[in-house]
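Below is one structure; the comments refer to it alone.
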Amino acid sequence: MPLWLREFRWHQSPAAVFVSLPLRGARATPANIFCSERYLKVSIPPFLFEVILYAPIDDTNSTAKIGNGNIFFTLYKKEPAMWDSLTLENADKEQLQYLRENAVLKAQQKAKEETEAKKATKEEHKKYALEATMKLEEAERKRIEDLKEKERQKVTEELELWKNQQKDADKYKSIQKEGELHQEIGQLKERKNEKMTRIRIPNEGTSKTRPKPTKGHGSCSIFSPNVKEEQLPAPRSAATIKVNFTPRVFPTALRESRVAEEEEWLHKQAEARRTISADLSELQDLKEEEKNPDWLKDKGNKMFAMGNYLAAVNAYNLALRLNNKLPLLYLNRAACHLKLRNLHKAIEDSSKALELLTPPVPDNEDARMKAYVRRGTAFCQLELYTEGLQDYEAALKIDPKNKNIEKDAEKIRHLIQGTMQGS
């Protein structure tokens with residue numbers, strides 16, 4: 001049976017009612033207070049305070065302040081008037097029950113409406129954010145396309161300019177070659193005329209003799225096709241060059257500084273393959289999804305949430321037989337052992353998880369913190385408070401703002417101090 005709090009004081013003004021309720025040493029939170037238009041309730045087991053108000057109030061703007069062992073209510077009236085009393089008098093049980101149930105239903109309806117309004121507002125914000133993001137992406141895409149188009153035009157103009165320059169250079173070269181050709185032809189004609197002139201002039205004693213034409217390299221024109229063919233080198237013979245490279249598992253070049261690291265990685269991969277292929281004769285009856293460590297981990301998590309800790313341990317055990325390099329499997333199994341009071345096994349699994357969670361990086365901070373807390377909890381339940389405090393302090397170094405871990409660490413310090421004083 002609850003103990004009714006009937007000692008309270010109240011006074012009023014035309015606009016508001018002020019109520020002071022002593023708590024008799026009980027500790028109250030906002031969750032212990034329920035207020036609607038006609039109903040006010042404070043439930044702090046084993047104490048209970050409940051009134052049906054004389055007239056409706058504005059429950060949205062009304063306030064409750066907790067302090068100095070009292071709760072101070074400021075209830076704003078919907079209609080300014082002076083009340084004859086705080087509670088509704090001369091009301092039978094059926095009317096009081098109806099008002100109480102009606103107040104609860106209205107509060108539930110109001111909470112539902114507020115939740116739906118918050119949900120609708122959240123959806124609007126998400127829609128607005130999505131539209132804004134799409135507009136920004138569209139603007140960025142358009143800017144990139146414009147830049148590409150400008151670069152394309154610039155490259156096209158430079159290419160056209162280069163082509164024109166090449167045409168002008170080729171034209172200049174052809175004109176220069178034609179000039180050189182005409183110059184060489186003129187020189188040859190001059191040489192021919194000189195030779196003809198020398199032949200016509202008679203020599204002494206040989207005026208009637210006719211010189212024989214000589215056949216030599218000097219008598220051939222440099223533009224003769226035969227001369228051109230003789231000057232061209234013979235074409236090269238075709239051949240195939242084959243290059244062989246040392247086979248490597250890694251796509252990068254071999255470096256002496258990385259040889260040890262690569263060999264360690266290959267060794268771990270081979271060990272993992274041997275682990276997965278081990279005990280295949282015992283796993284033939286399992287379904288295909290039951291051979292997946294991730295599926296088994298999710299199955300174990302569901303069993304843990306349902307409170308079936310032994311089934312969760314069995315799922316984690318099978319997953320670890322398939323792959324014993326996943327730290328989360330050891331971490332979750334440690335939680336199950338804590339629930340089953342297998343404290344030494346919980347310490348062993350937490351230590352193994354910490355060993356696999358190396359190197360310490362921001363991505364595995366949460367897992368490392370849980371491993372330290374679970375191992376510290378197991379130590380404390382074995383009354384090894386010093387070791388447990390060390391693990392809790394290690395968890396606090398990872399997450400210094402975690403108030404729960406800080407409170408638990410302070411409790412362990414008090415226990416250690418009490419043990420030392422008692423001894």
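Residue names in the structure tokens use chain letters A, B, ... in the order shown, residue numbers from 1 in each chain, and ligand numbers from 1 in the order shown.
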For region 42-46 of chain A, find every residue with an atom within 12 Å (counting only C-alpha atoms), except residues of its own chain fewer than 3 positions away, and show them as a PyMOL selection string. chain A and resi 1-6+21-35+39+49-51+64+66+70-73
Write out as a PyMOL selection string which residues come within 6 Å of region 81-97 of chain A when counting only C-alpha atoms, dropping same-chain ones fewer than 2 positions away. chain A and resi 14+52-54+99-100
Would you please give, as a PyMOL selection string, all residues of region 24-249 of chain A that DSSP assigns to strand (DSSP E) based on the backbone? chain A and resi 33-35+39-44+47-52+63-67+70-76
Next, the residues of the selection above should be written as a short mmCIF file (atom, residue, chain, number, x, y, z; two decimals), in the first residue's frame with N, CA, C and O atoms.
data_model
loop_
_atom_site.label_atom_id
_atom_site.label_comp_id
_atom_site.auth_asym_id
_atom_site.auth_seq_id
_atom_site.Cartn_x
_atom_site.Cartn_y
_atom_site.Cartn_z
N ILE A 33 6.82 12.95 -11.73
CA ILE A 33 5.73 13.95 -11.70
C ILE A 33 4.89 13.80 -12.95
O ILE A 33 5.43 13.70 -14.06
N PHE A 34 3.55 13.78 -12.78
CA PHE A 34 2.61 13.74 -13.89
C PHE A 34 1.57 14.83 -13.67
O PHE A 34 0.98 14.93 -12.60
N CYS A 35 1.35 15.64 -14.72
CA CYS A 35 0.42 16.76 -14.59
C CYS A 35 -0.38 16.90 -15.87
O CYS A 35 0.17 16.81 -16.97
N TYR A 39 -5.49 17.08 -13.35
CA TYR A 39 -4.95 15.98 -12.55
C TYR A 39 -3.47 16.22 -12.26
O TYR A 39 -2.70 16.54 -13.17
N LEU A 40 -3.08 16.08 -10.99
CA LEU A 40 -1.69 16.25 -10.58
C LEU A 40 -1.30 15.04 -9.72
O LEU A 40 -2.01 14.70 -8.76
N LYS A 41 -0.14 14.40 -10.09
CA LYS A 41 0.27 13.19 -9.39
C LYS A 41 1.79 13.21 -9.22
O LYS A 41 2.53 13.55 -10.13
N VAL A 42 2.24 12.82 -8.00
CA VAL A 42 3.66 12.65 -7.70
C VAL A 42 3.82 11.25 -7.09
O VAL A 42 3.26 10.97 -6.02
N SER A 43 4.58 10.39 -7.76
CA SER A 43 4.76 9.01 -7.31
C SER A 43 6.23 8.76 -7.04
O SER A 43 7.05 8.70 -7.96
N ILE A 44 6.58 8.65 -5.73
CA ILE A 44 7.95 8.34 -5.30
C ILE A 44 7.83 7.18 -4.33
O ILE A 44 7.62 7.39 -3.13
N PHE A 47 5.87 6.64 -1.44
CA PHE A 47 5.00 7.80 -1.22
C PHE A 47 4.21 8.11 -2.49
O PHE A 47 4.70 7.91 -3.61
N LEU A 48 2.99 8.65 -2.29
CA LEU A 48 2.12 8.99 -3.41
C LEU A 48 1.34 10.25 -3.05
O LEU A 48 0.81 10.37 -1.95
N PHE A 49 1.30 11.19 -4.02
CA PHE A 49 0.50 12.41 -3.87
C PHE A 49 -0.36 12.53 -5.11
O PHE A 49 0.14 12.47 -6.25
N GLU A 50 -1.69 12.74 -4.92
CA GLU A 50 -2.61 12.75 -6.05
C GLU A 50 -3.76 13.69 -5.73
O GLU A 50 -4.35 13.60 -4.65
N VAL A 51 -4.06 14.62 -6.68
CA VAL A 51 -5.20 15.53 -6.49
C VAL A 51 -5.91 15.73 -7.81
O VAL A 51 -5.30 15.71 -8.88
N ILE A 52 -7.25 15.89 -7.72
CA ILE A 52 -8.08 16.33 -8.85
C ILE A 52 -8.29 17.83 -8.65
O ILE A 52 -8.91 18.26 -7.67
N THR A 63 4.98 24.84 -14.10
CA THR A 63 6.33 24.36 -13.79
C THR A 63 6.36 23.67 -12.44
O THR A 63 5.47 23.86 -11.60
N ALA A 64 7.41 22.84 -12.25
CA ALA A 64 7.66 22.16 -10.98
C ALA A 64 9.15 22.28 -10.69
O ALA A 64 9.98 21.93 -11.53
N LYS A 65 9.50 22.76 -9.50
CA LYS A 65 10.89 22.95 -9.11
C LYS A 65 11.18 22.07 -7.90
O LYS A 65 10.48 22.13 -6.90
N ILE A 66 12.24 21.24 -8.04
CA ILE A 66 12.62 20.29 -6.98
C ILE A 66 13.84 20.84 -6.26
O ILE A 66 14.85 21.16 -6.90
N GLY A 67 13.78 20.96 -4.93
CA GLY A 67 14.93 21.46 -4.18
C GLY A 67 14.64 21.55 -2.70
O GLY A 67 13.49 21.79 -2.28
N ASN A 70 11.71 19.57 -1.13
CA ASN A 70 10.35 19.96 -1.46
C ASN A 70 10.19 20.03 -2.97
O ASN A 70 11.17 20.15 -3.72
N ILE A 71 8.94 19.98 -3.41
CA ILE A 71 8.58 20.23 -4.80
C ILE A 71 7.67 21.46 -4.82
O ILE A 71 6.63 21.48 -4.13
N PHE A 72 8.06 22.48 -5.57
CA PHE A 72 7.28 23.71 -5.66
C PHE A 72 6.61 23.76 -7.02
O PHE A 72 7.28 23.82 -8.06
N PHE A 73 5.29 23.72 -7.02
CA PHE A 73 4.50 23.76 -8.25
C PHE A 73 4.01 25.18 -8.49
O PHE A 73 3.53 25.85 -7.57
N THR A 74 4.10 25.62 -9.73
CA THR A 74 3.48 26.88 -10.17
C THR A 74 2.51 26.53 -11.28
O THR A 74 2.91 26.23 -12.41
N LEU A 75 1.21 26.52 -10.95
CA LEU A 75 0.17 26.08 -11.88
C LEU A 75 -0.61 27.30 -12.36
O LEU A 75 -1.26 27.99 -11.56
N TYR A 76 -0.53 27.56 -13.68
CA TYR A 76 -1.21 28.73 -14.25
C TYR A 76 -2.64 28.36 -14.63
O TYR A 76 -2.87 27.38 -15.34
#
Can you list, as a PyMOL selection string, all residues belonging to region 29-152 of chain A that DSSP tags as helix (DSSP H, G or I)? chain A and resi 30-32+93-152
